[in-house]
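Undergrad: Quick one: this structure, given as structure tokens, is what I'll be asking you about.
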Amino acid sequence: MKFSHPLMHNNFTNSDIRSVSKLLKQKNIILTQSKNVRLFEKNWSKWLGVKYSVFVNSGSSANLLTMTILKMLYKKNEIILPTLTWVSDVNSVILNNFKPVFVDVNLNNLCMSESEILKKINKKTLAVFITHAQGFNGLSRNLLNYLKKKKIILIEDVCESHGATFNKKKLGSFGLISNFSFYYAHHMSTIEGGMICTNSKQIYQMARILRSHGMSREIDNKKEENKIIKKYPKLSPKFIFLYPGYNFRNNEIGAVIGLNQLKLLNKNNLKRKKNFILFLKNLNGKIYKTNFDLTGSCNYAFPLILNKANFSLRNKLEKLLKKNNIEFRRGNAGGGNQLRQPYLKKYLKKINFSKFRNVEHIHNFGYYIGNYPSLNSVKIKKICSILNSI
Ligand SMILES: Cc1ncc(COP(=O)(O)O)c(C=O)c1O
């Protein structure tokens, strides 16, 4: 059989098919958001170590809803975010009329540089919207203490880092709100899907309401729902729209897949961690970056970053990858430096790219390839020997 290494393999399993088929065979089934969604949210909250979770139809929806909630609750206008992230993080900020303030990343964990964050914090800063990129932890004690002292909100995007930790606690349990994605390529999948997590009851209720058109009956509290009904006696009790919202609901099929995948998440993450170490051991550290900060990390992909900023070497690498059917993405998380993307042009004044050196290196000389649980050591060694042959 022809050698190939796709970005993701078998992230939808026979046991997922069985759980969906069991659901579909039930009599009088409800397939729109119902009791399995509730159960998935409950089990996810328990796994993560937070009080509340709200299952939505994508990680991007989780981002957008999160920023909408911040806009509704607070006045300050600046959000600090990384240059290396997924486009929906940036979109959620600008579409909610916040000012995005961009920060360069570290090469050893692909997350925002702490010193750069601290430099950009000012009186207008509302939140730091961190992306724990490609399985790496972006938090430090110093950063958490500083944000607490300055009363700056932390929002965590953990869409690429399910199960990664800081100080033995799962990422996504530190911020006021955290976001996860269950897109096919990630640590676990509901095909498409996302989660908003929080310990705040108020934010939980707002997220539920905003997920369903702004409808008050989603508040998840009979007493409070009745108060709202009384306040608007001229409105149909089931159709009171409190805020301009979205339809970001997921469904029962996604939820049963999520419930099933969650059972295997810890075990699969252990395999991903072992694979990652094998990649590092077998790759030539003179050609590729191998000194990542692995503390607490749990990567669904392997970041392949050339040490040298050399375009002819990069062309050679891309040729080699293509020839051997090793699927890759240039620019690591989200295609590299967001500041170079056309959608941002109208929002930013002149950009001095020399102030964003690390993301520029990743933009031009960084890649990721697949790291999934079904990979074995023979295959990892073969991939590394191909890569080392450049
Ligand atoms: C960091 C990050 N945030 C948000 C998202 C959006 O998630 P989704 O693809 O589920 O919309 C992604 C998706 O890959 C991501 O990597």
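By order in the structure tokens, chains are A, B, ...; within a chain, residues start at 1; ligands start at 1, following the order shown.
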Residues of chain A that approach ligand 1 to 9 Å or less, counting only C-alpha atoms and all ligand atoms: could you list each one with the shortest pair of atoms and its distance in Å to one decimal, rows by chain and increasing residue number, as a Markdown table?
TA:
| residue | atom | partner | partner_atom_place_in_ligand_line | distance |
| --- | --- | --- | --- | --- |
| A:Asn57 | CA | ligand 1 | 10 (O) | 7.5 |
| A:Ser58 | CA | ligand 1 | 10 (O) | 3.9 |
| A:Gly59 | CA | ligand 1 | 7 (O) | 3.4 |
| A:Ser60 | CA | ligand 1 | 11 (O) | 3.7 |
| A:Ser61 | CA | ligand 1 | 11 (O) | 6.5 |
| A:Ala62 | CA | ligand 1 | 11 (O) | 7.9 |
| A:Asn63 | CA | ligand 1 | 4 (C) | 6.7 |
| A:Leu84 | CA | ligand 1 | 1 (C) | 8.7 |
| A:Thr85 | CA | ligand 1 | 1 (C) | 5.3 |
| A:Trp86 | CA | ligand 1 | 2 (C) | 4.5 |
| A:Val87 | CA | ligand 1 | 4 (C) | 7.3 |
| A:Ser88 | CA | ligand 1 | 4 (C) | 5.7 |
| A:Asp89 | CA | ligand 1 | 3 (N) | 5.9 |
| A:Thr131 | CA | ligand 1 | 1 (C) | 5.7 |
| A:His132 | CA | ligand 1 | 1 (C) | 7.1 |
| A:Ala133 | CA | ligand 1 | 1 (C) | 6.2 |
| A:Gln134 | CA | ligand 1 | 16 (O) | 7.6 |
| A:Asp157 | CA | ligand 1 | 1 (C) | 5.9 |
| A:Val158 | CA | ligand 1 | 1 (C) | 6.5 |
| A:Cys159 | CA | ligand 1 | 2 (C) | 4.7 |
| A:Glu160 | CA | ligand 1 | 16 (O) | 5.2 |
| A:Ser161 | CA | ligand 1 | 1 (C) | 8.5 |
| A:Asn179 | CA | ligand 1 | 4 (C) | 7.6 |
| A:Phe180 | CA | ligand 1 | 4 (C) | 7.3 |
| A:Ser181 | CA | ligand 1 | 10 (O) | 4.2 |
| A:Phe182 | CA | ligand 1 | 10 (O) | 5.7 |
| A:Tyr183 | CA | ligand 1 | 10 (O) | 4.6 |
| A:Tyr184 | CA | ligand 1 | 10 (O) | 8.3 |
| A:Ala185 | CA | ligand 1 | 14 (O) | 7.6 |
| A:His186 | CA | ligand 1 | 14 (O) | 7.5 |
| A:Ile191 | CA | ligand 1 | 10 (O) | 8.9 |
| A:Glu192 | CA | ligand 1 | 10 (O) | 5.9 |
| A:Gly193 | CA | ligand 1 | 10 (O) | 5.5 |
| A:Gly194 | CA | ligand 1 | 10 (O) | 5.7 |
| A:Ala333 | CA | ligand 1 | 16 (O) | 6.2 |
| A:Gly334 | CA | ligand 1 | 16 (O) | 6.6 |
Undergrad: Give me the segment 49-72 of chain A side of the contact with segment 197-216 of chain A, cut-off 6 Å, one line per residue showing its nearest atom pair and distance in Å at one decimal, counting only C-alpha atoms, sorted by chain and residue number, as JSON lines.
TA:
{"residue": "A:Val50", "atom": "CA", "partner": "A:Asn199", "partner_atom": "CA", "distance": 5.7}
{"residue": "A:Lys51", "atom": "CA", "partner": "A:Asn199", "partner_atom": "CA", "distance": 4.9}
{"residue": "A:Tyr52", "atom": "CA", "partner": "A:Thr198", "partner_atom": "CA", "distance": 5.4}
{"residue": "A:Ser53", "atom": "CA", "partner": "A:Cys197", "partner_atom": "CA", "distance": 4.3}
Undergrad: For Lys46 of chain A, which residue out of A:Ser354, A:Ser173, A:Asn250, A:Thr32 is the nearest one, using only C-alpha atoms?
TA: A:Ser173
Undergrad: Go through segment 196-241 of chain A and collect every residue that DSSP, computed from the backbone, puts in helix (DSSP H, G or I); the answer should be as number ranges by chain.
TA: A: 201-211, 216-219, 222-231
Undergrad: Distance table requested - segment 80-146 of chain A against segment 338-344 of chain A, cut-off 12 Å, only C-alpha atoms: one row per qualifying residue with the closest atom pair and its distance in Å to one decimal, ordered by chain and rising residue number, as a Markdown table.
TA:
| residue | atom | partner | partner_atom | distance |
| --- | --- | --- | --- | --- |
| A:Leu81 | CA | A:Gln338 | CA | 10.6 |
| A:Pro82 | CA | A:Gln338 | CA | 8.5 |
| A:Thr83 | CA | A:Gln338 | CA | 5.3 |
| A:Leu84 | CA | A:Gln338 | CA | 6.3 |
| A:Thr85 | CA | A:Gln338 | CA | 7.3 |
| A:Trp86 | CA | A:Gln338 | CA | 8.2 |
| A:Val87 | CA | A:Gln338 | CA | 7.2 |
| A:Ser88 | CA | A:Gln338 | CA | 10.7 |
| A:Asp89 | CA | A:Gln338 | CA | 10.3 |
| A:Val90 | CA | A:Gln338 | CA | 8.3 |
| A:Asn91 | CA | A:Leu344 | CA | 9.0 |
| A:Val93 | CA | A:Leu344 | CA | 11.4 |
| A:Ile94 | CA | A:Leu344 | CA | 9.1 |
| A:Leu95 | CA | A:Leu344 | CA | 11.4 |
| A:Lys99 | CA | A:Leu344 | CA | 11.7 |
| A:Pro100 | CA | A:Leu344 | CA | 10.1 |
| A:Val101 | CA | A:Leu339 | CA | 10.8 |
| A:Phe102 | CA | A:Leu339 | CA | 8.4 |
| A:Val103 | CA | A:Leu339 | CA | 10.3 |
| A:Asp104 | CA | A:Leu339 | CA | 10.4 |
| A:Val105 | CA | A:Gln338 | CA | 11.8 |
Undergrad: Can you measure atom CA of Gly138 of chain A to atom CA of Asn109 of chain A for me? One decimal in Å is fine.
TA: 7.1 Å
Undergrad: Of the candidates A:Arg217, A:Arg18, A:His162, A:Lys274, which shows the shortest atom-to-atom distance to Ile229 of chain A, using only C-alpha atoms?
TA: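 That would be A:Arg217, the residue with the smallest distance to Ile229 of chain A.
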Undergrad: What residues in segment 21-140 of chain A get the DSSP label strand (DSSP E or B)? Please answer as an MDAnalysis selection string.
TA: chainID A and resid 32 52:56 78:82 99:103 105 112 125:131
Undergrad: Could you write out that same residue set with N, CA, C and O atoms as a compact mmCIF listing (two decimals), in the first residue's frame?
TA:
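What landed in out_32.txt:
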# COMPACT_ATOMS: atom_id res chain seq x y z
N THR A 32 -33.19 17.12 17.71
CA THR A 32 -32.70 18.47 17.99
C THR A 32 -32.27 18.51 19.47
O THR A 32 -32.56 17.58 20.23
N TYR A 52 -20.27 24.86 34.60
CA TYR A 52 -21.26 24.89 33.52
C TYR A 52 -20.61 24.78 32.13
O TYR A 52 -19.56 25.37 31.91
N SER A 53 -21.30 24.07 31.25
CA SER A 53 -20.88 24.02 29.85
C SER A 53 -22.10 24.14 28.95
O SER A 53 -23.18 23.67 29.29
N VAL A 54 -21.90 24.76 27.79
CA VAL A 54 -22.99 24.94 26.83
C VAL A 54 -22.49 24.44 25.47
O VAL A 54 -21.51 24.95 24.92
N PHE A 55 -23.16 23.41 24.96
CA PHE A 55 -22.75 22.75 23.70
C PHE A 55 -23.28 23.56 22.52
O PHE A 55 -24.48 23.81 22.44
N VAL A 56 -22.37 23.96 21.63
CA VAL A 56 -22.78 24.76 20.46
C VAL A 56 -22.33 24.05 19.19
O VAL A 56 -21.73 22.98 19.24
N GLU A 78 -10.62 47.03 24.72
CA GLU A 78 -9.48 46.38 24.05
C GLU A 78 -9.34 44.92 24.48
O GLU A 78 -9.42 44.59 25.66
N ILE A 79 -9.12 44.08 23.47
CA ILE A 79 -8.90 42.65 23.75
C ILE A 79 -7.52 42.28 23.21
O ILE A 79 -7.24 42.49 22.02
N ILE A 80 -6.69 41.73 24.09
CA ILE A 80 -5.36 41.30 23.66
C ILE A 80 -5.45 39.86 23.14
O ILE A 80 -6.03 38.99 23.82
N LEU A 81 -4.90 39.64 21.96
CA LEU A 81 -4.98 38.29 21.40
C LEU A 81 -3.75 37.99 20.53
O LEU A 81 -3.01 38.91 20.15
N PRO A 82 -3.50 36.71 20.25
CA PRO A 82 -2.27 36.35 19.54
C PRO A 82 -2.36 36.56 18.04
O PRO A 82 -3.45 36.55 17.46
N LYS A 99 -11.63 46.42 20.05
CA LYS A 99 -10.38 46.70 19.34
C LYS A 99 -9.40 45.54 19.60
O LYS A 99 -9.07 45.26 20.76
N PRO A 100 -8.94 44.87 18.53
CA PRO A 100 -7.98 43.77 18.74
C PRO A 100 -6.58 44.34 18.95
O PRO A 100 -6.15 45.23 18.21
N VAL A 101 -5.90 43.85 19.96
CA VAL A 101 -4.51 44.28 20.21
C VAL A 101 -3.65 43.02 20.10
O VAL A 101 -3.78 42.10 20.91
N PHE A 102 -2.79 43.00 19.07
CA PHE A 102 -2.09 41.75 18.75
C PHE A 102 -0.73 41.63 19.44
O PHE A 102 -0.02 42.63 19.60
N VAL A 103 -0.41 40.38 19.78
CA VAL A 103 0.83 40.10 20.50
C VAL A 103 1.56 38.96 19.78
O VAL A 103 0.92 38.01 19.31
N VAL A 105 4.09 35.63 19.43
CA VAL A 105 4.06 34.36 20.18
C VAL A 105 5.48 33.89 20.52
O VAL A 105 6.46 34.42 19.99
N MET A 112 0.98 33.17 23.16
CA MET A 112 1.37 34.58 23.32
C MET A 112 2.54 34.74 24.28
O MET A 112 2.58 34.10 25.34
N THR A 125 -7.72 47.93 28.51
CA THR A 125 -7.73 46.47 28.30
C THR A 125 -8.85 45.80 29.09
O THR A 125 -8.90 45.91 30.31
N LEU A 126 -9.72 45.13 28.37
CA LEU A 126 -10.78 44.38 29.04
C LEU A 126 -10.35 42.95 29.32
O LEU A 126 -10.54 42.43 30.42
N ALA A 127 -9.77 42.32 28.30
CA ALA A 127 -9.48 40.88 28.46
C ALA A 127 -8.25 40.46 27.69
O ALA A 127 -7.88 41.08 26.69
N VAL A 128 -7.64 39.40 28.17
CA VAL A 128 -6.61 38.69 27.42
C VAL A 128 -7.27 37.41 26.91
O VAL A 128 -7.77 36.61 27.69
N PHE A 129 -7.30 37.27 25.59
CA PHE A 129 -7.97 36.13 24.96
C PHE A 129 -6.86 35.21 24.46
O PHE A 129 -6.37 35.34 23.34
N ILE A 130 -6.50 34.30 25.33
CA ILE A 130 -5.33 33.46 25.03
C ILE A 130 -5.75 32.27 24.15
O ILE A 130 -6.85 31.74 24.31
N THR A 131 -4.88 31.88 23.23
CA THR A 131 -5.08 30.62 22.50
C THR A 131 -4.00 29.66 22.97
O THR A 131 -2.81 29.95 22.83
Undergrad: Calculated over only C-alpha atoms, which of the candidates A:Arg329, A:Lys319, A:Lys234, A:Lys381 has the smallest distance to Asn284 of chain A?
TA: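 Residue with the minimum atom-to-atom distance to Asn284 of chain A: A:Lys381.
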Undergrad: Given only C-alpha atoms, how would the per-residue table for segment 229-283 of chain A near segment 384-389 of chain A read, listing every residue at most 8 Å away with its closest atom pair and distance in Å to one decimal, sorted by chain and number, as a Markdown table?
TA:
| residue | atom | partner | partner_atom | distance |
| --- | --- | --- | --- | --- |
| A:Phe279 | CA | A:Cys384 | CA | 6.8 |
| A:Asn282 | CA | A:Cys384 | CA | 5.9 |
| A:Leu283 | CA | A:Cys384 | CA | 5.4 |
Undergrad: Find the residue from A:Asn106, A:Tyr146, A:Asp16, A:Ile29 that sits nearest to Leu118 of chain A; use only C-alpha atoms when measuring.
TA: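 That would be A:Tyr146, the residue with the smallest distance to Leu118 of chain A.
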Undergrad: Tell me which protein, DNA and RNA residues are within 12 Å of Asn36 of chain A, counting only C-alpha atoms, leaving out same-chain ones fewer than 5 positions away, and put them as a ChimeraX atom specification.
TA: /A:19-20,23,29-31,41-44,55,250-260
Undergrad: Would you export the selected residues with C-alpha atoms as an mmCIF file, in the first residue's frame, please?
TA:
data_model
loop_
_atom_site.group_PDB
_atom_site.id
_atom_site.type_symbol
_atom_site.label_atom_id
_atom_site.label_comp_id
_atom_site.auth_asym_id
_atom_site.auth_seq_id
_atom_site.Cartn_x
_atom_site.Cartn_y
_atom_site.Cartn_z
ATOM 1 C CA SER A 19 -23.973 4.993 19.578
ATOM 2 C CA VAL A 20 -25.612 7.004 16.793
ATOM 3 C CA LEU A 23 -30.071 6.694 19.205
ATOM 4 C CA ILE A 29 -36.707 10.254 19.221
ATOM 5 C CA ILE A 30 -35.935 13.919 19.437
ATOM 6 C CA LEU A 31 -32.862 14.736 17.377
ATOM 7 C CA GLU A 41 -22.640 19.237 28.851
ATOM 8 C CA LYS A 42 -22.790 17.736 32.332
ATOM 9 C CA ASN A 43 -20.128 15.107 31.635
ATOM 10 C CA TRP A 44 -17.909 17.634 29.882
ATOM 11 C CA PHE A 55 -22.745 22.754 23.703
ATOM 12 C CA ASN A 250 -25.979 21.544 18.291
ATOM 13 C CA ASN A 251 -28.085 18.365 18.233
ATOM 14 C CA GLU A 252 -28.581 14.935 19.788
ATOM 15 C CA ILE A 253 -26.455 13.112 17.211
ATOM 16 C CA GLY A 254 -23.486 15.351 17.957
ATOM 17 C CA ALA A 255 -24.099 14.892 21.662
ATOM 18 C CA VAL A 256 -24.115 11.076 21.620
ATOM 19 C CA ILE A 257 -20.926 11.080 19.545
ATOM 20 C CA GLY A 258 -19.427 13.535 22.040
ATOM 21 C CA LEU A 259 -20.467 11.387 25.011
ATOM 22 C CA ASN A 260 -18.877 8.374 23.381
#
Undergrad: Excluding His9 of chain A and its own-chain neighbours fewer than 3 positions away, which residues fall within 9 Å of it when counting only C-alpha atoms? Please give them as a list in words.
TA: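 Result of the neighbour search: His5, Pro6, Phe12, Ala185, Gly370, Tyr372, Pro373, Ser374 and Leu375 of chain A.
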